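Novice: Right, I'll just put the structure down here and ask away after.
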Amino acid sequence: MNSFIFKITVTLLFLVISAVSYSQTTKQLTLSGFISEKVSGEVVIGASVKVFKDTSLTKVLKGAISNKFGFYSIPKLDVGTYTIVVTGVTVKEEKFILVISDTISTDAITLNIQPISSTVKLGTVTVEGDKQDKSVSKISTVQVTTDLIKRLPALGGEVDIFRVLQLLPGVKPSTELSSGLYIRGGSPDQNLTLLDGVIVYNPSHLGGFLSTFNSDAINDITLIKGAFPAEYGGRLSSVLDITMKEGTKEKFSGTAGISMINSRLTLEGPINEDCTFMISGRRMYFDLIAKTFRVFQTENTTFPDYYFYDLNAKVNYKLGANDRLFVSGYFGKDVFSFPQEKPTDPEFDLSWGNSTANIRWMHIFSPTVFMNTSLIYTNYSSKVLIKDNLNDPQFRITFLSESKIEDYMLRSELQIFPSTEHTIKTGVEATRHQFVAAATDLFNFSNGEFQIERNPINAMEFSYYIQDEWQISDRLNANIGGRLMYFQNGNYIAPEPRISMKYLIDDSKRMTAAFATAHQFLHLIVRNDITLPTDLWFPSTADIKPSKSNQIVLGYEQDLFDNEALLAVETYYKTMSNLYEYKDSVTFSLGIPLASQFTAGTGVAYGLEVFLQKKIGAVTGWLGYTWSVTERTFPELNNGKPFFPRYDRRHDFSAVLSYRLSERWEFGATWVLASGQAFTMPVGQYSLKPGIFSQIHYDYPQRNNYRLPAYHKLDLSFQYEYTWFEQPWIFSINIFNVYNRANAFAHYIDTEIDFSSGPPKKVVKQISLFPIIPTFGLQFKF
């Protein structure tokens with residue numbers, strides 16, 4: 001496998017050298033530049049630049065796609081007259097004539113393009129590229145616009161990126177209390193979540209209503225559901241790549257919003273001609289609401305204290321024509337606790353937070369060589385503390401867990417355009433990790449403190465990748481590459497071959513295929529015997545092997561009704577090894593190594609996804625369907641038998657609608673129908689000491705042997721746009737769970753006693769979380 005990556009590297013470097021040394025018999029030029037929105041100056045990511053030989057636009061001669069910085073490059077244009085067409089999800093189409101004369105003395109032309117922001121394709125989700133796009137196939141890739149997110153139903157008027165992504169085929173939530181993404185059978189820790197290129201370890205807030213990311217601060221959202229290219233690594237399942245706004249160049253402006261659960265404010269604008277800024281903050285104030293309602297608290301009800309805050313900031317400075325400097329950061333924290341009215345009350349505290357910073361330098365060596373280098377800092381910490389019934393040894397509960405990750409990363413990447421047929425990306429990463437993972441149930445009553453061992457684990461991680469986006473012919477293109485990873489703890493060397501291909505059957509039909517191997521050196525260890533967030537991140541060691549996945553993806557896409565609609569079908573098969581969970585007999589006693597409480601297993605996931613989307617017009621939206629199977633097998637769990645994880649759902653259907661009723665009114669609706677989740681329930685009961693005072697025990701033959709009832713829910717939203725004090729305002733009405741469906745969060749066994757009908761009997765009861773919830777929100781710009 002190592003020789004495979006070596007051969008790829010040698011071959012691609014040969015292509016670069018050959019392109020540089022190629023002697024031209026006729027004059028040829030490179031066309032390059034940046035694409036940014038005309039008014040705001042925000043870069044346009046993923047815009048398509050196509051070159052046609054004539055004005056009939058019948059055949060694309062050459063083309064390019066703008067990268068994360070809005071940069072594009074089209075090498076080897078001959079002398080002549082061309083029609084340039086620029087398209088993008090968030091901008092209107094631009095057309096213009098380019099004349100290249102043989103009298104031009106330079107071998108490069110810089111053309112910065114500024115299309116107007118689109119008002120036609122509101123609410124689009126782009127799956128792959130457009131039908132004439134000659135770029136490499138984007139297998140299992142979805143690009144979601146922030147316009148769409150802001151037009152769909154949201155609790156309290158606060159839109160959430162993760163809730164929208166969960167409506168896509170292949171993407172599932174775990175429960176109503178979670179906004180985590182379970183993508184193609186992979187758990188949330190197997191998703192690589194990047195914010196401006198920085199890893200975010202826990203991108204969600206408690207309760208699952210909101211994710212970590214404030215949509216007002218976001219420029220681009222790209223989800224790769226599987227078989228991702230070599231430029232991404234370190235996770236098994238998927239990639240969520242989010243880019244923050246750079247700040248408008250036009251004028252100082254802002255966006256503010258207030259809802260029933262939180263408020264937010266975003267400010268942006270120019271500092272000078274070469275520098276812009278953006279800062280965005282959000283605060284959830286349930287803790288203030290709880291204090292108000294605490295006067296109604298009874299002996300059997302308790303209102304917890306809970307709040308979170310997010311802060312995003314970014315500065316963009318233009319150092320020169322070929323250099324830019326970006327400084328960005330994210331800071332967020334969740335705090336949840338139950339107040340103690342008296343010392344004997346239970347104590348429960350849960351908190352976690354992320355802090356990230358990125359200093360990124362972008363440099364253009366030449367019109368065909370682009371570089372960016374980043375210095376990155378990440379800090380993640382979480383803590384769970386539980387103390388209850390301290391004076392009752394029989395029912396006493398004490399538990400403390402702490403998880404911390406601190407990363408320092410240096411990353412450097414090159415993008416090379418040796419010819420129109422090849423776009424080469426290569427890069428290196430070096431990361432210093434420090435982990436703290438500790439858990440204990442030992443409580444010292446003499447000093448009132450837990451006995452816990454915090455032993456930091458340090459590790460270095462290195463990776464190198466190279467890939468070639470290769471236009472093999474007019475109908476066939478491919479992305480061929482590989483990634484080589486090294487992890488210090490255990491001295492692991494992990495090669496990862498990656499390949500994806502797209503074949504154009506005709507102008508409206510495409511077939512895709514991909515294969516990818518991925519490794520993950522960080523494990524999120526889950527404790528399944530309790531329902532509290534006690535998960536711990538733990539690194540690979542000599543005994544804890546890195547996880548590994550192999551995935552195959554096949555797909556078919558077809559444009560319908562003159563490209564106004566899209567049909568996409570994909571099937572996938574993925575195997576996973578060295579997955580870790582806690583043992584059933586887990587103990588957190590002092591002196592017992594935490595790693596000895598883990599057990600390793602394997603997994604398999606496969607499924608079929610169907611996506612039908614209407615992209616243009618007053619009515620937009622999609623229908624999505626997923627049939628999938630996910631299984632886990634652990635020799636030390638479930639008697640060695642395969643079992644379904646809780647988030648496994650056999651069928652999943654979603655319908656999304658956005659309807660522009662008038663210039664002022666917008667209507668949104670989402671409806672989901674899914675099979676019930678896997679759940680563990682007893683099949684019988686027994687008593688070791690029969691008698692009146694005997695204790696009943698339940699028989700659990702295997703994990704997740706039961707299915708909860710089917711889940712379905714309808715959400716609606718109405719938005720009214722108006723002008724007040726010469727500023728644009730939006731008032732929103734959102735209705736969560738319109739027909740008040742009592743969806744099952746859990747089932748449990750209870751005893752019902754009715755002396756008139758006979759002896760006590762066992763019954764199955766259901767826990768449901770959220771009834772119909774109408775909420776309101778208000779947003780304005782200035």
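Residue numbering restarts at 1 for every chain of the structure tokens, chains are lettered A, B, ... in their displayed order, and ligands are numbered from 1 as they appear.
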Quick one: everything within 8 Å of segment 565-580 of chain A, counting only C-alpha atoms, minus sequence neighbours fewer than 4 positions away in the same chain. Send it as a compact mmCIF listing (two decimals) with C-alpha atoms, in the first residue's frame.

Specialist:
# COMPACT_ATOMS: atom_id res chain seq x y z
CA VAL A 127 -25.64 17.69 -5.36
CA SER A 140 -21.69 12.04 -2.33
CA HIS A 523 -11.95 7.22 19.61
CA LEU A 524 -15.11 8.52 21.26
CA ILE A 525 -15.85 5.87 23.87
CA LYS A 545 -5.69 0.19 17.56
CA PRO A 546 -6.75 2.90 15.09
CA SER A 547 -10.17 2.44 13.52
CA LYS A 548 -10.31 1.69 9.79
CA SER A 549 -13.00 1.85 7.12
CA ASN A 550 -13.31 0.83 3.49
CA GLN A 551 -16.18 2.28 1.48
CA ILE A 552 -17.52 1.75 -2.04
CA VAL A 553 -20.05 4.17 -3.58
CA LEU A 554 -21.97 3.88 -6.87
CA GLY A 555 -24.30 6.57 -8.15
CA TYR A 556 -26.53 7.80 -10.96
CA GLU A 557 -27.71 11.36 -11.60
CA GLN A 558 -30.10 12.86 -14.12
CA ASP A 559 -31.22 16.42 -14.81
CA LEU A 560 -34.94 16.74 -15.42
CA PHE A 561 -37.23 19.37 -16.97
CA PHE A 598 -12.69 -0.84 26.43
CA THR A 599 -13.62 -3.61 24.04
CA ALA A 600 -13.04 -3.68 20.28
CA GLY A 601 -15.42 -4.68 17.53
CA THR A 602 -16.32 -4.33 13.87
CA GLY A 603 -19.12 -2.76 11.91
CA VAL A 604 -20.80 -2.83 8.52
CA ALA A 605 -23.15 -0.34 6.88
CA TYR A 606 -24.86 -0.42 3.51
CA GLY A 607 -27.82 1.31 1.93
CA LEU A 608 -29.59 3.01 -0.96
CA GLU A 609 -30.35 6.74 -1.17
CA VAL A 610 -32.80 8.50 -3.52
CA PHE A 611 -32.92 12.29 -3.86
CA LEU A 612 -35.43 14.18 -6.06
CA GLN A 613 -35.07 17.96 -6.02
CA LYS A 614 -36.80 20.93 -7.62
CA LYS A 615 -34.16 23.64 -7.82
CA ILE A 616 -35.69 26.68 -9.54

Novice: Would you mind listing what lies within 9 Å of Gly80 of chain A as number ranges by chain, with only C-alpha atoms counted and same-chain residues fewer than 2 positions away left out?

Specialist: A: 53, 77-78, 82, 98-102

Novice: Grab the atom CA of Gly482 of chain A to atom CA of Pro229 of chain A distance for me, in Å with one decimal place.

Specialist: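 Between atom CA of Gly482 of chain A and atom CA of Pro229 of chain A the gap works out to 8.2 Å.
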
Novice: May I ask which of the residues A:Ala227, A:Ile416, A:Val384, A:Leu167 is the closest one to Ala674 of chain A, counting only C-alpha atoms?

Specialist: A:Leu167

Novice: Using Å and a single decimal, report how far atom CA of Phe731 of chain A sits from atom CA of Gln719 of chain A.

Specialist: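 If I compute the distance from atom CA of Gln719 of chain A to atom CA of Phe731 of chain A, I get 5.7 Å.
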
Novice: Excluding same-chain residues fewer than 6 positions from Thr368 of chain A, what lies within 12 Å of it counting only C-alpha atoms, as a ChimeraX atom specification?

Specialist: /A:16,19-20,29-33,64,71-76,107-110,414-420,422-425

Novice: Could you pull the residues within 10 Å of Ile84 of chain A, counting only C-alpha atoms, minus those fewer than 6 positions along the same chain, as a PDB file with N, CA, C and O atoms, in the first residue's frame?

Specialist:
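File around02.pdb, as written:
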ATOM      1  N   VAL A  49     -16.333  28.325 -13.829  1.00  0.00           N
ATOM      2  CA  VAL A  49     -15.889  29.224 -14.898  1.00  0.00           C
ATOM      3  C   VAL A  49     -15.687  28.372 -16.148  1.00  0.00           C
ATOM      4  O   VAL A  49     -14.811  27.506 -16.179  1.00  0.00           O
ATOM      5  N   LYS A  50     -16.516  28.609 -17.167  1.00  0.00           N
ATOM      6  CA  LYS A  50     -16.450  27.800 -18.393  1.00  0.00           C
ATOM      7  C   LYS A  50     -16.057  28.668 -19.576  1.00  0.00           C
ATOM      8  O   LYS A  50     -16.512  29.807 -19.705  1.00  0.00           O
ATOM      9  N   VAL A  51     -15.195  28.118 -20.421  1.00  0.00           N
ATOM     10  CA  VAL A  51     -14.700  28.812 -21.607  1.00  0.00           C
ATOM     11  C   VAL A  51     -15.287  28.142 -22.838  1.00  0.00           C
ATOM     12  O   VAL A  51     -15.116  26.935 -23.054  1.00  0.00           O
ATOM     13  N   PHE A  52     -15.999  28.945 -23.668  1.00  0.00           N
ATOM     14  CA  PHE A  52     -16.563  28.460 -24.923  1.00  0.00           C
ATOM     15  C   PHE A  52     -15.845  29.137 -26.087  1.00  0.00           C
ATOM     16  O   PHE A  52     -15.474  30.310 -26.009  1.00  0.00           O
ATOM     17  N   LYS A  53     -15.713  28.408 -27.189  1.00  0.00           N
ATOM     18  CA  LYS A  53     -15.010  28.952 -28.349  1.00  0.00           C
ATOM     19  C   LYS A  53     -15.881  29.942 -29.109  1.00  0.00           C
ATOM     20  O   LYS A  53     -15.379  30.860 -29.762  1.00  0.00           O
ATOM     21  N   ASP A  54     -17.204  29.772 -29.037  1.00  0.00           N
ATOM     22  CA  ASP A  54     -18.102  30.659 -29.763  1.00  0.00           C
ATOM     23  C   ASP A  54     -19.252  31.062 -28.856  1.00  0.00           C
ATOM     24  O   ASP A  54     -19.375  30.611 -27.726  1.00  0.00           O
ATOM     25  N   THR A  55     -20.135  31.914 -29.373  1.00  0.00           N
ATOM     26  CA  THR A  55     -21.256  32.427 -28.589  1.00  0.00           C
ATOM     27  C   THR A  55     -22.430  31.460 -28.532  1.00  0.00           C
ATOM     28  O   THR A  55     -23.398  31.713 -27.801  1.00  0.00           O
ATOM     29  N   LEU A  57     -22.387  28.547 -27.268  1.00  0.00           N
ATOM     30  CA  LEU A  57     -22.274  27.854 -25.976  1.00  0.00           C
ATOM     31  C   LEU A  57     -22.670  26.378 -26.092  1.00  0.00           C
ATOM     32  O   LEU A  57     -23.279  25.800 -25.191  1.00  0.00           O
ATOM     33  N   VAL A  60     -18.214  23.085 -24.050  1.00  0.00           N
ATOM     34  CA  VAL A  60     -17.223  23.688 -23.167  1.00  0.00           C
ATOM     35  C   VAL A  60     -15.825  23.331 -23.653  1.00  0.00           C
ATOM     36  O   VAL A  60     -15.505  22.156 -23.837  1.00  0.00           O
ATOM     37  N   LYS A  62     -12.803  24.699 -22.107  1.00  0.00           N
ATOM     38  CA  LYS A  62     -12.031  24.538 -20.872  1.00  0.00           C
ATOM     39  C   LYS A  62     -12.886  25.026 -19.697  1.00  0.00           C
ATOM     40  O   LYS A  62     -13.896  25.706 -19.899  1.00  0.00           O
ATOM     41  N   GLY A  63     -12.435  24.697 -18.507  1.00  0.00           N
ATOM     42  CA  GLY A  63     -13.207  25.129 -17.348  1.00  0.00           C
ATOM     43  C   GLY A  63     -12.418  25.020 -16.065  1.00  0.00           C
ATOM     44  O   GLY A  63     -11.339  24.410 -16.018  1.00  0.00           O
ATOM     45  N   GLU A  94     -23.014  35.035 -15.211  1.00  0.00           N
ATOM     46  CA  GLU A  94     -22.310  36.143 -15.867  1.00  0.00           C
ATOM     47  C   GLU A  94     -21.729  35.650 -17.185  1.00  0.00           C
ATOM     48  O   GLU A  94     -21.126  34.573 -17.247  1.00  0.00           O
ATOM     49  N   LYS A  95     -21.898  36.443 -18.261  1.00  0.00           N
ATOM     50  CA  LYS A  95     -21.329  36.112 -19.569  1.00  0.00           C
ATOM     51  C   LYS A  95     -20.567  37.326 -20.093  1.00  0.00           C
ATOM     52  O   LYS A  95     -21.038  38.461 -19.974  1.00  0.00           O
ATOM     53  N   PHE A  96     -19.415  37.090 -20.693  1.00  0.00           N
ATOM     54  CA  PHE A  96     -18.669  38.166 -21.329  1.00  0.00           C
ATOM     55  C   PHE A  96     -17.691  37.583 -22.343  1.00  0.00           C
ATOM     56  O   PHE A  96     -17.391  36.388 -22.334  1.00  0.00           O
ATOM     57  N   ILE A  97     -17.224  38.449 -23.228  1.00  0.00           N
ATOM     58  CA  ILE A  97     -16.305  38.054 -24.299  1.00  0.00           C
ATOM     59  C   ILE A  97     -14.869  38.355 -23.868  1.00  0.00           C
ATOM     60  O   ILE A  97     -14.581  39.434 -23.330  1.00  0.00           O
ATOM     61  N   LEU A  98     -13.977  37.394 -24.103  1.00  0.00           N
ATOM     62  CA  LEU A  98     -12.555  37.565 -23.814  1.00  0.00           C
ATOM     63  C   LEU A  98     -11.776  37.410 -25.114  1.00  0.00           C
ATOM     64  O   LEU A  98     -11.900  36.393 -25.810  1.00  0.00           O
TER      65      LEU A  98
END

Novice: Which value, in Å to one decimal, gives the distance between atom CA of Tyr285 of chain A and atom CA of Lys172 of chain A?

Specialist: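 These two atoms are separated by 27.7 Å.
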
Novice: Neighbours of Pro497 of chain A within 7 Å (only C-alpha atoms; same-chain residues fewer than 5 positions away dropped), as a VMD selection string?

Specialist: chain A and resid 481 to 483 516 to 517

Novice: Let me see the file: selected residues, C-alpha atoms, as a short mmCIF file (atom, residue, chain, number, x, y, z; two decimals), in the first residue's frame.

Specialist:
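Heads up, here's the output in part13.cif:
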data_model
loop_
_atom_site.label_atom_id
_atom_site.label_comp_id
_atom_site.auth_asym_id
_atom_site.auth_seq_id
_atom_site.Cartn_x
_atom_site.Cartn_y
_atom_site.Cartn_z
CA GLY A 481 -4.91 10.17 -4.88
CA GLY A 482 -3.71 8.87 -1.60
CA ARG A 483 -2.98 9.88 1.95
CA ALA A 516 -11.85 5.12 -0.19
CA THR A 517 -9.88 3.80 2.77
#

Novice: Ranking A:Val44, A:Ile733, A:Ile452, A:Leu375 by minimum distance to Leu594 of chain A and counting only C-alpha atoms, which one comes first?

Specialist: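 Ranking A:Val44, A:Ile733, A:Ile452, A:Leu375 by distance to Leu594 of chain A, first place goes to A:Ile452.
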
Novice: Report as a VMD selection string all protein, DNA and RNA residues lying within 8 Å of Phe487 of chain A, evaluated on only C-alpha atoms, omitting residues in the same chain fewer than 4 positions from it.

Specialist: chain A and resid 459 to 462 491 to 493 521

Novice: Go ahead and save the picked residues with N, CA, C and O atoms, as a tab-separated table (two decimals), in the first residue's frame.

Specialist:
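Okay, part14.tsv is ready:
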chain	number	residue	atom	x	y	z
A	459	ALA	N	0.76	12.94	21.95
A	459	ALA	CA	1.00	12.18	20.72
A	459	ALA	C	1.19	13.15	19.56
A	459	ALA	O	0.57	14.21	19.51
A	460	MET	N	2.07	12.77	18.64
A	460	MET	CA	2.27	13.51	17.39
A	460	MET	C	1.59	12.75	16.25
A	460	MET	O	1.63	11.52	16.20
A	461	GLU	N	0.99	13.52	15.37
A	461	GLU	CA	0.33	12.94	14.19
A	461	GLU	C	0.80	13.69	12.95
A	461	GLU	O	0.82	14.92	12.93
A	462	PHE	N	1.20	12.94	11.92
A	462	PHE	CA	1.67	13.53	10.66
A	462	PHE	C	0.87	12.92	9.51
A	462	PHE	O	0.50	11.74	9.56
A	491	ASN	N	3.29	3.89	16.94
A	491	ASN	CA	4.06	3.97	15.69
A	491	ASN	C	3.26	3.41	14.51
A	491	ASN	O	3.73	2.58	13.73
A	492	TYR	N	2.04	3.90	14.36
A	492	TYR	CA	1.17	3.42	13.29
A	492	TYR	C	1.44	4.20	12.00
A	492	TYR	O	1.53	5.43	12.00
A	493	ILE	N	1.57	3.47	10.90
A	493	ILE	CA	1.66	4.06	9.56
A	493	ILE	C	0.46	3.54	8.77
A	493	ILE	O	0.27	2.34	8.64
A	521	PHE	N	-7.54	7.86	14.46
A	521	PHE	CA	-6.69	7.58	15.61
A	521	PHE	C	-7.30	8.05	16.93
A	521	PHE	O	-6.74	7.79	17.99

Novice: Would you mind writing down, as a ChimeraX atom specification, each residue of segment 129-245 of chain A that DSSP on the backbone assigns to alpha helix (DSSP H)?

Specialist: /A:146-149,161-165

Novice: Would you write out, as a tab-separated table, a table of all residues in segment 465-538 of chain A that have an atom no more than 10 Å from an atom of segment 437-443 of chain A, listing for each the closest atom pair and the distance in Å to one decimal, considering only C-alpha atoms and ordering rows by chain and rising residue number?

Specialist:
residue	atom	partner	partner_atom	distance
A:Thr534	CA	A:Ala439	CA	8.8
A:Asp535	CA	A:Ala437	CA	9.6
A:Leu536	CA	A:Ala437	CA	6.2
A:Trp537	CA	A:Ala437	CA	6.5
A:Phe538	CA	A:Ala437	CA	6.3

Novice: Write to file, as a short mmCIF file (atom, residue, chain, number, x, y, z; two decimals), in the first residue's frame, the residues of the selection just made, with C-alpha atoms.

Specialist:
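Okay, this is what ended up in selection-v4.cif:
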data_model
loop_
_atom_site.label_atom_id
_atom_site.label_comp_id
_atom_site.auth_asym_id
_atom_site.auth_seq_id
_atom_site.Cartn_x
_atom_site.Cartn_y
_atom_site.Cartn_z
CA THR A 534 -20.43 10.57 29.68
CA ASP A 535 -18.53 9.94 26.44
CA LEU A 536 -14.74 10.27 26.47
CA TRP A 537 -12.25 10.91 23.69
CA PHE A 538 -9.32 8.50 23.85
#

Novice: Write out as a PyMOL selection string all residues of segment 569-697 of chain A that DSSP puts in strand (DSSP E) for this structure's backbone.

Specialist: chain A and resi 569-582+598-614+619-633+651-660+665-674+678-679+684-687+696-697
